[in-house]
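A.B. asks: Structure supplied as data19.csv; contents: CSV, C-alpha atoms.
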```
chain,number,residue,atom,x,y,z
W,147,MET,CA,46.2,-6.3,-62.7
W,148,ARG,CA,45.9,-9.4,-60.6
W,149,ALA,CA,48.2,-12.3,-60.3
W,150,ILE,CA,46.5,-15.7,-60.6
W,151,LEU,CA,48.3,-19.0,-60.3
W,152,PRO,CA,47.7,-21.2,-63.3
W,153,HIS,CA,44.5,-23.1,-63.2
W,154,SER,CA,43.6,-25.4,-66.1
W,155,LYS,CA,39.8,-25.5,-65.8
W,156,THR,CA,39.0,-21.9,-64.8
W,157,GLU,CA,39.8,-18.8,-66.7
W,158,SER,CA,40.1,-15.4,-65.2
W,159,LEU,CA,36.7,-13.9,-64.3
W,160,SER,CA,35.8,-10.5,-65.6
W,161,PRO,CA,35.3,-7.8,-62.8
W,162,GLY,CA,31.5,-8.0,-63.1
W,163,GLU,CA,31.5,-11.8,-62.6
W,164,PHE,CA,32.9,-11.7,-59.1
W,165,LYS,CA,30.4,-11.2,-56.4
W,166,SER,CA,32.4,-9.5,-53.6
W,167,VAL,CA,31.8,-9.7,-49.9
W,168,ASN,CA,29.4,-6.9,-48.9
W,169,ALA,CA,30.6,-3.9,-46.9
W,170,GLU,CA,29.0,-5.1,-43.7
W,171,ARG,CA,30.7,-8.5,-43.9
W,172,LEU,CA,34.0,-6.9,-44.8
W,173,GLU,CA,33.9,-4.7,-41.7
W,174,HIS,CA,33.1,-7.8,-39.7
W,175,PHE,CA,36.1,-9.7,-41.1
W,176,ARG,CA,38.3,-6.5,-40.7
W,177,GLN,CA,37.4,-6.4,-37.0
W,178,ILE,CA,38.1,-10.1,-36.5
W,179,LEU,CA,41.5,-9.7,-38.2
W,180,GLN,CA,42.5,-6.6,-36.3
W,181,GLU,CA,41.6,-8.3,-33.0
W,182,GLN,CA,43.7,-11.4,-34.0
W,183,LEU,CA,46.5,-9.1,-35.1
W,184,ARG,CA,46.6,-7.5,-31.6
W,185,GLU,CA,46.6,-10.9,-29.9
W,186,HIS,CA,49.3,-12.4,-32.1
W,187,VAL,CA,51.6,-9.3,-31.9
W,188,ALA,CA,51.3,-9.5,-28.1
W,189,LYS,CA,52.2,-13.2,-28.3
W,190,VAL,CA,55.2,-12.4,-30.5
W,191,SER,CA,56.5,-9.8,-28.0
W,192,THR,CA,56.0,-12.2,-25.0
W,193,GLU,CA,57.6,-15.1,-26.7
W,194,GLN,CA,60.6,-13.1,-27.9
W,195,ALA,CA,61.1,-11.8,-24.4
W,196,ALA,CA,60.9,-15.4,-23.0
W,197,ALA,CA,63.3,-16.7,-25.6
W,198,LEU,CA,65.8,-14.0,-24.8
W,199,GLU,CA,65.6,-14.5,-21.0
W,200,SER,CA,68.3,-16.7,-19.6
W,201,ASP,CA,67.6,-19.0,-16.7
W,202,ASP,CA,70.9,-18.4,-15.0
W,203,ASP,CA,70.7,-19.8,-11.5
W,204,GLY,CA,74.4,-20.4,-11.3
W,205,VAL,CA,74.2,-24.2,-12.2
W,206,LYS,CA,76.1,-24.8,-15.4
W,207,ASP,CA,76.3,-28.6,-16.0
W,208,SER,CA,75.7,-29.9,-19.5
W,209,VAL,CA,72.2,-31.2,-18.9
W,210,ASP,CA,71.1,-27.7,-17.6
W,211,MET,CA,72.7,-26.0,-20.6
W,212,SER,CA,71.0,-28.5,-23.0
W,213,LEU,CA,67.7,-27.9,-21.4
W,214,ILE,CA,68.1,-24.1,-21.7
W,215,ASP,CA,69.1,-24.4,-25.3
W,216,VAL,CA,66.1,-26.6,-26.2
W,217,THR,CA,63.7,-24.3,-24.3
W,218,LYS,CA,65.1,-21.3,-26.2
W,219,GLU,CA,64.9,-23.1,-29.5
W,220,ILE,CA,61.2,-23.9,-28.9
W,221,ALA,CA,60.5,-20.3,-27.9
W,222,PHE,CA,62.2,-19.0,-31.1
W,223,ARG,CA,60.2,-21.4,-33.3
W,224,LEU,CA,56.9,-20.4,-31.6
W,225,THR,CA,57.9,-16.8,-32.3
W,226,GLU,CA,58.5,-17.6,-35.9
W,227,ARG,CA,55.1,-19.3,-36.2
W,228,GLU,CA,53.4,-16.3,-34.5
W,229,SER,CA,55.3,-13.9,-36.8
W,230,GLN,CA,54.0,-15.8,-39.9
W,231,ILE,CA,50.5,-15.6,-38.5
W,232,VAL,CA,50.9,-11.8,-38.1
W,233,ALA,CA,52.2,-11.6,-41.7
W,234,ASP,CA,49.1,-13.6,-42.9
W,235,ILE,CA,46.8,-11.3,-41.0
W,236,ASP,CA,48.5,-8.2,-42.5
W,237,GLN,CA,48.1,-9.7,-46.0
W,238,ALA,CA,44.4,-10.3,-45.4
W,239,LEU,CA,43.9,-6.7,-44.2
W,240,LEU,CA,45.7,-5.5,-47.3
W,241,ARG,CA,43.3,-7.6,-49.4
W,242,ILE,CA,40.4,-5.9,-47.7
W,243,ARG,CA,41.9,-2.5,-48.5
W,244,GLU,CA,42.5,-3.5,-52.1
W,245,GLY,CA,39.1,-4.9,-52.6
W,246,SER,CA,40.2,-8.5,-53.3
W,247,TYR,CA,39.4,-10.0,-49.9
W,248,GLY,CA,37.1,-13.1,-50.2
W,249,ARG,CA,38.3,-13.9,-53.7
W,250,CYS,CA,40.4,-17.0,-54.3
W,251,ALA,CA,44.0,-16.0,-55.4
W,252,ARG,CA,44.1,-19.0,-57.7
W,253,CYS,CA,40.8,-19.2,-59.5
W,254,SER,CA,39.2,-15.8,-58.6
W,255,LYS,CA,36.0,-17.5,-57.4
W,256,GLN,CA,34.4,-16.2,-54.2
W,257,ILE,CA,35.6,-17.9,-51.0
W,258,ASP,CA,32.7,-19.4,-49.0
W,259,GLU,CA,31.9,-17.1,-46.0
W,260,ARG,CA,31.9,-20.2,-43.8
W,261,ARG,CA,35.5,-20.7,-44.7
W,262,LEU,CA,36.4,-17.1,-44.1
W,263,GLU,CA,34.7,-17.3,-40.7
W,264,ALA,CA,36.9,-20.4,-39.8
W,265,VAL,CA,40.0,-19.0,-41.4
W,266,PRO,CA,39.8,-15.2,-41.9
W,267,THR,CA,43.2,-15.1,-43.5
W,268,ALA,CA,42.2,-17.7,-46.3
W,269,ARG,CA,43.6,-16.8,-49.7
W,270,TYR,CA,42.1,-19.8,-51.5
W,271,ASP,CA,38.7,-21.4,-51.7
W,272,ALA,CA,38.5,-24.9,-50.3
W,273,ALA,CA,38.9,-26.6,-53.7
W,274,CYS,CA,42.1,-24.7,-54.7
W,275,GLN,CA,43.5,-25.1,-51.1
W,276,SER,CA,43.0,-28.9,-51.4
W,277,ILE,CA,44.8,-28.9,-54.8
W,278,ILE,CA,47.7,-26.8,-53.5
W,279,GLU,CA,48.1,-29.1,-50.4
W,280,SER,CA,48.0,-32.2,-52.6
W,281,ALA,CA,50.7,-30.7,-54.9
W,282,ASN,CA,52.8,-29.9,-51.8
W,283,GLY,CA,52.4,-33.4,-50.4
W,284,ASP,CA,50.2,-32.1,-47.5
W,285,ASP,CA,47.2,-34.2,-48.4
W,286,ASP,CA,47.4,-36.2,-45.3
W,287,LEU,CA,46.9,-33.1,-43.1
W,288,PRO,CA,43.5,-31.6,-42.4
W,289,THR,CA,42.4,-28.7,-44.6
W,290,LEU,CA,40.5,-25.7,-43.4
```
Represent the structure of the file as structure tokens.
C.D. replies:
Amino acid sequence: MRAILPHSKTESLSPGEFKSVNAERLEHFRQILQEQLREHVAKVSTEQAAALESDDDGVKDSVDMSLIDVTKEIAFRLTERESQIVADIDQALLRIREGSYGRCARCSKQIDERRLEAVPTARYDAACQSIIESANGDDDLPTL
């Protein structure tokens, strides 16, 4: 059973109608995703350590304390962003294992391989991604 977000113009495709990504290409994307996972996990660890470090040089005026607080906040936000990227990569690897990688989660059409090369974690084809971004008010941002 697959969950598909409502889509007014496209009905669910039968299993035979979906042309899946071939095994060689799946392995290619799995390797890309695993490499990205290693890189981002390392970044999360580095950024968490940096965020937790305290620059205590003995000076404690309010400007120094504010600068330390801002620096830590930025480091924590970067860590959150990297953690979300790690979660997205994990989800893409799970889709590969489940056999749904390369299929749009909204309309079940195959995601163009050029899009997957650019964004290996893509869950939606370009058309559905554009619709989702427009609905979320993100239509002034570039789409991948």
A.B. asks: What would the list of residues within 12 Å of (61.5, -17.7, -32.3) (file frame) look like as JSON, numbers by chain, if all atoms listed in the file are what count?
C.D. replies: {"W": [189, 190, 191, 192, 193, 194, 195, 196, 197, 198, 216, 217, 218, 219, 220, 221, 222, 223, 224, 225, 226, 227, 228, 229, 230]}
A.B. asks: Please measure the separation of atom CA of Cys274 of chain W and atom CA of Ser246 of chain W, giving the value in Å to one decimal.
C.D. replies: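 Interatomic distance here is 16.4 Å.
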A.B. asks: Which value, in Å to one decimal, gives the distance between atom CA of Gly248 of chain W and atom CA of Arg184 of chain W?
C.D. replies: 21.6 Å
A.B. asks: Between atom CA of Glu279 of chain W and atom CA of Asp236 of chain W, what is the spacing in Å?
C.D. replies: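 Separating atom CA of Asp236 of chain W from atom CA of Glu279 of chain W is a distance of 22.3 Å.
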A.B. asks: Quick one: of W:Asp234, W:Asp215, W:Glu181, W:Glu173, who's nearest to Thr267 of chain W, counting all atoms listed in the file?
C.D. replies: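 Residue with the minimum atom-to-atom distance to Thr267 of chain W: W:Asp234.
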A.B. asks: For Phe175 of chain W, which of W:Asp258, W:Glu263, W:Asp210, W:Asp271 is the closest residue, counting all atoms listed in the file?
C.D. replies: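 Looking only at the distances to Phe175 of chain W, the closest residue turns out to be W:Glu263.
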